[in-house]
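Q: Please see the structure below; I have some questions.
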Amino acid sequence: MKIYEFGNPDADIVLIQPVDEHDLAGIENEIKTIGENYDKDFFLQAVKVNDWNRDLSPWEAPAVFGREDFGGGAKNILTEVLELCGDKEKTYYIGGYSLAALFSLWAVYQTDVFAGVAAASPSMWFPNFIDYMKENDIRTDKVYLSLGDREEKTRNPVMATVGDRIREAEIILKERDVKCILEWNEGNHFKDADIRTAKAFSSVLNFV
């Protein structure tokens, strides 16, 4: 697991973000945008994921696009992520984009290490994830969710459920007294991932 570090390593606020090559290509802009919307120092640790579908999925599931199944490797990645969170004097947040956002949301059901989760365009269509949210207790009280307003307008019947699922997720969280924002962005899933992720982190950091 390779870690890319950005910002002030001495900052009290630490952001953890699983990334792939596409995320890394836009991360400097993401960091800049967070800094424009959050007035304190922060340190971002970008965790390079080797196999996106295998490593970030919370359990095994059949492919919904292409031929690559989901491998259920999230527990292994979370173990490695938690090794980055050993300083009890610091405050940790986790977040990401797409399947990394879903992983981050799943992670705060596993541990109370994270003060909040920044889930930008999470893969809420992932099989049985809403049921998991209904049946388990979240262990943070700050959640940011977002989705592009065209993401549910896809021909893929599984992925087209993403809008209904994220609306349902917002209801579930608010019923459990979680501070939750659901923001709708313009465009499909592939538009402005860096900006959307920056908005997710800066928004959850500014929660009061």
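Here, A, B, ... name the chains of the structure tokens in the order displayed, residue numbers run from 1 inside each chain, and ligands are numbered from 1 in the same displayed order.
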Env of range 71-75 of chain A: 12 Å cut, atoms = only C-alpha atoms, seq-sep filter 2 positions within chain, self excluded. Answer as an NGL selection string.
A: :A and (18 or 49-63 or 68-69 or 77-82 or 99-107 or 109-111 or 126-127)
Q: Can you tell me which residues surround Asp194 in chain A at a distance of at most 10 Å, considering only C-alpha atoms, apart from same-chain residues fewer than 5 positions away, and format the answer as a PDB file with N, CA, C and O atoms, in the first residue's frame?
A:
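Everything below was put into around_35.pdb:
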```pdb
ATOM      1  N   HIS A  22      -6.698   7.956 -11.286  1.00  0.00           N
ATOM      2  CA  HIS A  22      -7.553   9.073 -11.687  1.00  0.00           C
ATOM      3  C   HIS A  22      -7.685  10.083 -10.558  1.00  0.00           C
ATOM      4  O   HIS A  22      -7.624  11.309 -10.786  1.00  0.00           O
ATOM      5  N   ASP A  23      -7.857   9.610  -9.345  1.00  0.00           N
ATOM      6  CA  ASP A  23      -7.943  10.519  -8.195  1.00  0.00           C
ATOM      7  C   ASP A  23      -6.644  11.297  -8.017  1.00  0.00           C
ATOM      8  O   ASP A  23      -6.656  12.499  -7.759  1.00  0.00           O
ATOM      9  N   LEU A  24      -5.526  10.603  -8.153  1.00  0.00           N
ATOM     10  CA  LEU A  24      -4.228  11.253  -7.959  1.00  0.00           C
ATOM     11  C   LEU A  24      -3.987  12.344  -8.994  1.00  0.00           C
ATOM     12  O   LEU A  24      -3.341  13.358  -8.706  1.00  0.00           O
ATOM     13  N   ALA A  25      -4.525  12.158 -10.196  1.00  0.00           N
ATOM     14  CA  ALA A  25      -4.344  13.164 -11.242  1.00  0.00           C
ATOM     15  C   ALA A  25      -4.988  14.497 -10.876  1.00  0.00           C
ATOM     16  O   ALA A  25      -4.536  15.555 -11.320  1.00  0.00           O
ATOM     17  N   GLY A  26      -6.033  14.455 -10.060  1.00  0.00           N
ATOM     18  CA  GLY A  26      -6.726  15.686  -9.693  1.00  0.00           C
ATOM     19  C   GLY A  26      -6.549  16.095  -8.252  1.00  0.00           C
ATOM     20  O   GLY A  26      -7.211  17.036  -7.786  1.00  0.00           O
ATOM     21  N   ILE A  27      -5.659  15.424  -7.537  1.00  0.00           N
ATOM     22  CA  ILE A  27      -5.640  15.636  -6.083  1.00  0.00           C
ATOM     23  C   ILE A  27      -5.062  16.989  -5.687  1.00  0.00           C
ATOM     24  O   ILE A  27      -5.447  17.550  -4.655  1.00  0.00           O
ATOM     25  N   GLU A  28      -4.159  17.535  -6.482  1.00  0.00           N
ATOM     26  CA  GLU A  28      -3.636  18.865  -6.150  1.00  0.00           C
ATOM     27  C   GLU A  28      -4.761  19.902  -6.198  1.00  0.00           C
ATOM     28  O   GLU A  28      -4.845  20.790  -5.340  1.00  0.00           O
ATOM     29  N   ASN A  29      -5.641  19.776  -7.177  1.00  0.00           N
ATOM     30  CA  ASN A  29      -6.782  20.676  -7.250  1.00  0.00           C
ATOM     31  C   ASN A  29      -7.749  20.433  -6.102  1.00  0.00           C
ATOM     32  O   ASN A  29      -8.344  21.374  -5.555  1.00  0.00           O
ATOM     33  N   GLU A  30      -7.904  19.173  -5.726  1.00  0.00           N
ATOM     34  CA  GLU A  30      -8.745  18.842  -4.573  1.00  0.00           C
ATOM     35  C   GLU A  30      -8.205  19.498  -3.306  1.00  0.00           C
ATOM     36  O   GLU A  30      -8.963  20.127  -2.541  1.00  0.00           O
ATOM     37  N   ILE A  31      -6.902  19.373  -3.068  1.00  0.00           N
ATOM     38  CA  ILE A  31      -6.284  19.963  -1.881  1.00  0.00           C
ATOM     39  C   ILE A  31      -6.474  21.481  -1.876  1.00  0.00           C
ATOM     40  O   ILE A  31      -6.822  22.082  -0.851  1.00  0.00           O
ATOM     41  N   THR A  33      -8.812  23.202  -3.318  1.00  0.00           N
ATOM     42  CA  THR A  33     -10.214  23.551  -3.094  1.00  0.00           C
ATOM     43  C   THR A  33     -10.617  23.356  -1.641  1.00  0.00           C
ATOM     44  O   THR A  33     -11.378  24.165  -1.083  1.00  0.00           O
ATOM     45  N   GLY A  96     -13.877   9.800   0.195  1.00  0.00           N
ATOM     46  CA  GLY A  96     -13.404   9.457  -1.134  1.00  0.00           C
ATOM     47  C   GLY A  96     -14.516   9.608  -2.151  1.00  0.00           C
ATOM     48  O   GLY A  96     -15.591  10.177  -1.858  1.00  0.00           O
ATOM     49  N   TYR A  97     -14.245   9.074  -3.321  1.00  0.00           N
ATOM     50  CA  TYR A  97     -15.165   9.216  -4.452  1.00  0.00           C
ATOM     51  C   TYR A  97     -15.563   7.845  -4.979  1.00  0.00           C
ATOM     52  O   TYR A  97     -14.743   6.923  -5.054  1.00  0.00           O
ATOM     53  N   ALA A 120     -18.433  11.256  -1.456  1.00  0.00           N
ATOM     54  CA  ALA A 120     -18.793  11.943  -2.697  1.00  0.00           C
ATOM     55  C   ALA A 120     -19.188  10.937  -3.771  1.00  0.00           C
ATOM     56  O   ALA A 120     -18.405  10.047  -4.105  1.00  0.00           O
ATOM     57  N   LYS A 199     -15.388  19.233  -1.936  1.00  0.00           N
ATOM     58  CA  LYS A 199     -16.604  19.744  -1.306  1.00  0.00           C
ATOM     59  C   LYS A 199     -17.045  18.830  -0.175  1.00  0.00           C
ATOM     60  O   LYS A 199     -17.493  19.294   0.879  1.00  0.00           O
ATOM     61  N   ALA A 200     -16.898  17.520  -0.390  1.00  0.00           N
ATOM     62  CA  ALA A 200     -17.295  16.560   0.633  1.00  0.00           C
ATOM     63  C   ALA A 200     -16.463  16.726   1.894  1.00  0.00           C
ATOM     64  O   ALA A 200     -16.996  16.823   3.002  1.00  0.00           O
TER      65      ALA A 200
END
```
Q: Out of range 2-201 of chain A, which residues get strand (DSSP E) from DSSP, as a count of residues only?
A: 51
Q: For Lys153 in chain A, list every protein, DNA or RNA residue within 12 Å, evaluated using only C-alpha atoms, and leave out those in the same chain fewer than 2 positions away; present the list as a list of chain:residue names.
A: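 So the residues in contact are A:Leu147, A:Gly148, A:Asp149, A:Arg150, A:Glu151, A:Arg155, A:Asn156, A:Pro157, A:Val158, A:Met159, A:Ala160, A:Thr161, A:Val162, A:Gly163, A:Asp164, A:Gly187, A:Asn188, A:His189.
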Q: Counting only C-alpha atoms, which residue out of A:Ala193, A:Leu44, A:Ala198, A:Ala11 sits closest to Lys32 in chain A?
A: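 For Lys32 in chain A, the nearest of the given residues is A:Ala198.
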Q: With DSSP run on the backbone, what are the helix (DSSP H, G or I) residues within chain A? I'd like them as an NGL selection string.
A: :A and (21-25 or 27-37 or 52-56 or 74-82 or 99-107 or 129-135 or 159-175 or 193-205)
Q: My list of candidates is A:Lys90, A:Arg139, A:Arg167, A:Lys174. Which is closest to Phe42 in chain A when distances are computed with only C-alpha atoms?
A: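 Among the listed residues, the smallest separation from Phe42 in chain A belongs to A:Lys90.
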Q: Within 12 Å of Phe207 in chain A, counting only C-alpha atoms, which residues show up once you throw out same-chain ones fewer than 6 positions away? Write them as a list in words, please.
A: Tyr38, Ala115, Gly116, Val117, Ala118, Asp141, Lys142, Val143, Tyr144, Val178, Lys179, Cys180, Ile181, Ala200 and Phe201 of chain A
Q: What would the file look like if the residues just selected were written as an mmCIF file, in the first residue's frame with all heavy atoms?
A:
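After the write, again_14.cif holds the following:
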```cif
data_model
loop_
_atom_site.group_PDB
_atom_site.id
_atom_site.type_symbol
_atom_site.label_atom_id
_atom_site.label_comp_id
_atom_site.auth_asym_id
_atom_site.auth_seq_id
_atom_site.Cartn_x
_atom_site.Cartn_y
_atom_site.Cartn_z
ATOM 1 N N TYR A 38 -11.877 25.667 3.909
ATOM 2 C CA TYR A 38 -11.662 25.279 5.302
ATOM 3 C C TYR A 38 -10.459 26.056 5.806
ATOM 4 O O TYR A 38 -9.399 26.034 5.181
ATOM 5 C CB TYR A 38 -11.420 23.769 5.398
ATOM 6 C CG TYR A 38 -11.229 23.256 6.798
ATOM 7 C CD1 TYR A 38 -12.252 23.332 7.737
ATOM 8 C CD2 TYR A 38 -10.017 22.690 7.190
ATOM 9 C CE1 TYR A 38 -12.079 22.865 9.030
ATOM 10 C CE2 TYR A 38 -9.836 22.204 8.479
ATOM 11 C CZ TYR A 38 -10.863 22.306 9.397
ATOM 12 O OH TYR A 38 -10.677 21.835 10.674
ATOM 13 N N ALA A 115 -14.075 10.947 12.957
ATOM 14 C CA ALA A 115 -15.025 11.956 13.431
ATOM 15 C C ALA A 115 -16.130 12.218 12.425
ATOM 16 O O ALA A 115 -17.190 12.722 12.771
ATOM 17 C CB ALA A 115 -14.289 13.253 13.749
ATOM 18 N N GLY A 116 -15.881 11.883 11.158
ATOM 19 C CA GLY A 116 -16.879 12.088 10.127
ATOM 20 C C GLY A 116 -16.469 11.408 8.843
ATOM 21 O O GLY A 116 -15.322 10.960 8.701
ATOM 22 N N VAL A 117 -17.416 11.333 7.904
ATOM 23 C CA VAL A 117 -17.156 10.672 6.630
ATOM 24 C C VAL A 117 -17.621 11.572 5.489
ATOM 25 O O VAL A 117 -18.694 12.176 5.557
ATOM 26 C CB VAL A 117 -17.835 9.284 6.559
ATOM 27 C CG1 VAL A 117 -19.327 9.365 6.788
ATOM 28 C CG2 VAL A 117 -17.536 8.595 5.235
ATOM 29 N N ALA A 118 -16.771 11.675 4.471
ATOM 30 C CA ALA A 118 -17.051 12.502 3.300
ATOM 31 C C ALA A 118 -17.252 11.585 2.103
ATOM 32 O O ALA A 118 -16.294 11.141 1.482
ATOM 33 C CB ALA A 118 -15.892 13.464 3.055
ATOM 34 N N ASP A 141 -21.037 10.601 13.864
ATOM 35 C CA ASP A 141 -22.281 11.386 13.836
ATOM 36 C C ASP A 141 -22.247 12.492 12.798
ATOM 37 O O ASP A 141 -23.090 13.391 12.815
ATOM 38 C CB ASP A 141 -22.589 11.965 15.219
ATOM 39 C CG ASP A 141 -21.536 12.956 15.700
ATOM 40 O OD1 ASP A 141 -20.509 13.120 14.998
ATOM 41 O OD2 ASP A 141 -21.728 13.556 16.775
ATOM 42 N N LYS A 142 -21.282 12.427 11.878
ATOM 43 C CA LYS A 142 -21.191 13.427 10.822
ATOM 44 C C LYS A 142 -21.009 12.724 9.476
ATOM 45 O O LYS A 142 -20.002 12.045 9.265
ATOM 46 C CB LYS A 142 -20.028 14.388 11.070
ATOM 47 C CG LYS A 142 -20.101 15.179 12.373
ATOM 48 C CD LYS A 142 -18.887 16.083 12.504
ATOM 49 C CE LYS A 142 -18.910 16.828 13.836
ATOM 50 N NZ LYS A 142 -18.623 15.917 14.961
ATOM 51 N N VAL A 143 -21.965 12.899 8.579
ATOM 52 C CA VAL A 143 -21.912 12.239 7.267
ATOM 53 C C VAL A 143 -22.284 13.243 6.181
ATOM 54 O O VAL A 143 -23.333 13.897 6.250
ATOM 55 C CB VAL A 143 -22.875 11.033 7.202
ATOM 56 C CG1 VAL A 143 -22.845 10.414 5.813
ATOM 57 C CG2 VAL A 143 -22.516 9.992 8.256
ATOM 58 N N TYR A 144 -21.414 13.354 5.185
ATOM 59 C CA TYR A 144 -21.716 14.132 3.992
ATOM 60 C C TYR A 144 -21.917 13.164 2.831
ATOM 61 O O TYR A 144 -21.073 12.291 2.585
ATOM 62 C CB TYR A 144 -20.573 15.100 3.663
ATOM 63 C CG TYR A 144 -20.742 15.817 2.337
ATOM 64 C CD1 TYR A 144 -21.308 17.089 2.266
ATOM 65 C CD2 TYR A 144 -20.342 15.214 1.146
ATOM 66 C CE1 TYR A 144 -21.473 17.743 1.051
ATOM 67 C CE2 TYR A 144 -20.505 15.865 -0.077
ATOM 68 C CZ TYR A 144 -21.071 17.110 -0.120
ATOM 69 O OH TYR A 144 -21.226 17.750 -1.318
ATOM 70 N N VAL A 178 -27.939 11.375 13.134
ATOM 71 C CA VAL A 178 -26.654 11.697 12.526
ATOM 72 C C VAL A 178 -26.785 13.032 11.791
ATOM 73 O O VAL A 178 -27.786 13.282 11.118
ATOM 74 C CB VAL A 178 -26.235 10.580 11.543
ATOM 75 C CG1 VAL A 178 -24.965 10.969 10.797
ATOM 76 C CG2 VAL A 178 -26.030 9.268 12.289
ATOM 77 N N LYS A 179 -25.775 13.878 11.946
ATOM 78 C CA LYS A 179 -25.729 15.112 11.165
ATOM 79 C C LYS A 179 -25.385 14.744 9.732
ATOM 80 O O LYS A 179 -24.267 14.329 9.444
ATOM 81 C CB LYS A 179 -24.686 16.065 11.735
ATOM 82 C CG LYS A 179 -24.986 16.532 13.149
ATOM 83 C CD LYS A 179 -23.840 17.371 13.692
ATOM 84 C CE LYS A 179 -24.099 17.756 15.137
ATOM 85 N NZ LYS A 179 -22.948 18.509 15.717
ATOM 86 N N CYS A 180 -26.344 14.872 8.838
ATOM 87 C CA CYS A 180 -26.170 14.372 7.477
ATOM 88 C C CYS A 180 -26.606 15.431 6.474
ATOM 89 O O CYS A 180 -27.677 16.029 6.612
ATOM 90 C CB CYS A 180 -26.984 13.097 7.277
ATOM 91 S SG CYS A 180 -26.919 12.424 5.606
ATOM 92 N N ILE A 181 -25.746 15.665 5.487
ATOM 93 C CA ILE A 181 -26.077 16.522 4.356
ATOM 94 C C ILE A 181 -26.072 15.664 3.100
ATOM 95 O O ILE A 181 -25.159 14.862 2.897
ATOM 96 C CB ILE A 181 -25.049 17.653 4.196
ATOM 97 C CG1 ILE A 181 -25.175 18.676 5.324
ATOM 98 C CG2 ILE A 181 -25.222 18.358 2.839
ATOM 99 C CD1 ILE A 181 -24.117 19.756 5.272
ATOM 100 N N ALA A 200 -16.898 17.520 -0.390
ATOM 101 C CA ALA A 200 -17.295 16.560 0.633
ATOM 102 C C ALA A 200 -16.463 16.726 1.894
ATOM 103 O O ALA A 200 -16.996 16.823 3.002
ATOM 104 C CB ALA A 200 -17.154 15.136 0.074
ATOM 105 N N PHE A 201 -15.136 16.780 1.726
ATOM 106 C CA PHE A 201 -14.280 16.921 2.895
ATOM 107 C C PHE A 201 -14.469 18.280 3.588
ATOM 108 O O PHE A 201 -14.610 18.341 4.806
ATOM 109 C CB PHE A 201 -12.812 16.757 2.507
ATOM 110 C CG PHE A 201 -12.334 15.328 2.505
ATOM 111 C CD1 PHE A 201 -11.822 14.753 1.355
ATOM 112 C CD2 PHE A 201 -12.374 14.564 3.659
ATOM 113 C CE1 PHE A 201 -11.374 13.441 1.352
ATOM 114 C CE2 PHE A 201 -11.925 13.243 3.672
ATOM 115 C CZ PHE A 201 -11.423 12.679 2.515
#
```
Q: Which residue gives the smallest distance to Glu21 in chain A among A:Lys191, A:Val64, A:Tyr4, A:Phe43, with only C-alpha atoms counted?
A: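 For Glu21 in chain A, the nearest of the given residues is A:Tyr4.
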Q: Counting only C-alpha atoms, figure out which residue out of A:Arg67, A:Gly86, A:Ile3, A:Asp10 gets nearest to Ala46 in chain A.
A: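 Going through A:Arg67, A:Gly86, A:Ile3, A:Asp10 one by one, the smallest distance to Ala46 in chain A is for A:Ile3.
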Q: Mind giving me the straight-line distance from CA of Asp192 in chain A to CA of Asp39 in chain A in Å, one decimal?
A: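 One can read the CA of Asp192 in chain A to CA of Asp39 in chain A distance as 22.4 Å.
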Q: So, counting only C-alpha atoms, which residue among A:Asp87, A:Glu5, A:Glu175, A:Glu186 is closest to Met133 in chain A?
A: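 Smallest separation from Met133 in chain A among the options: A:Glu175.
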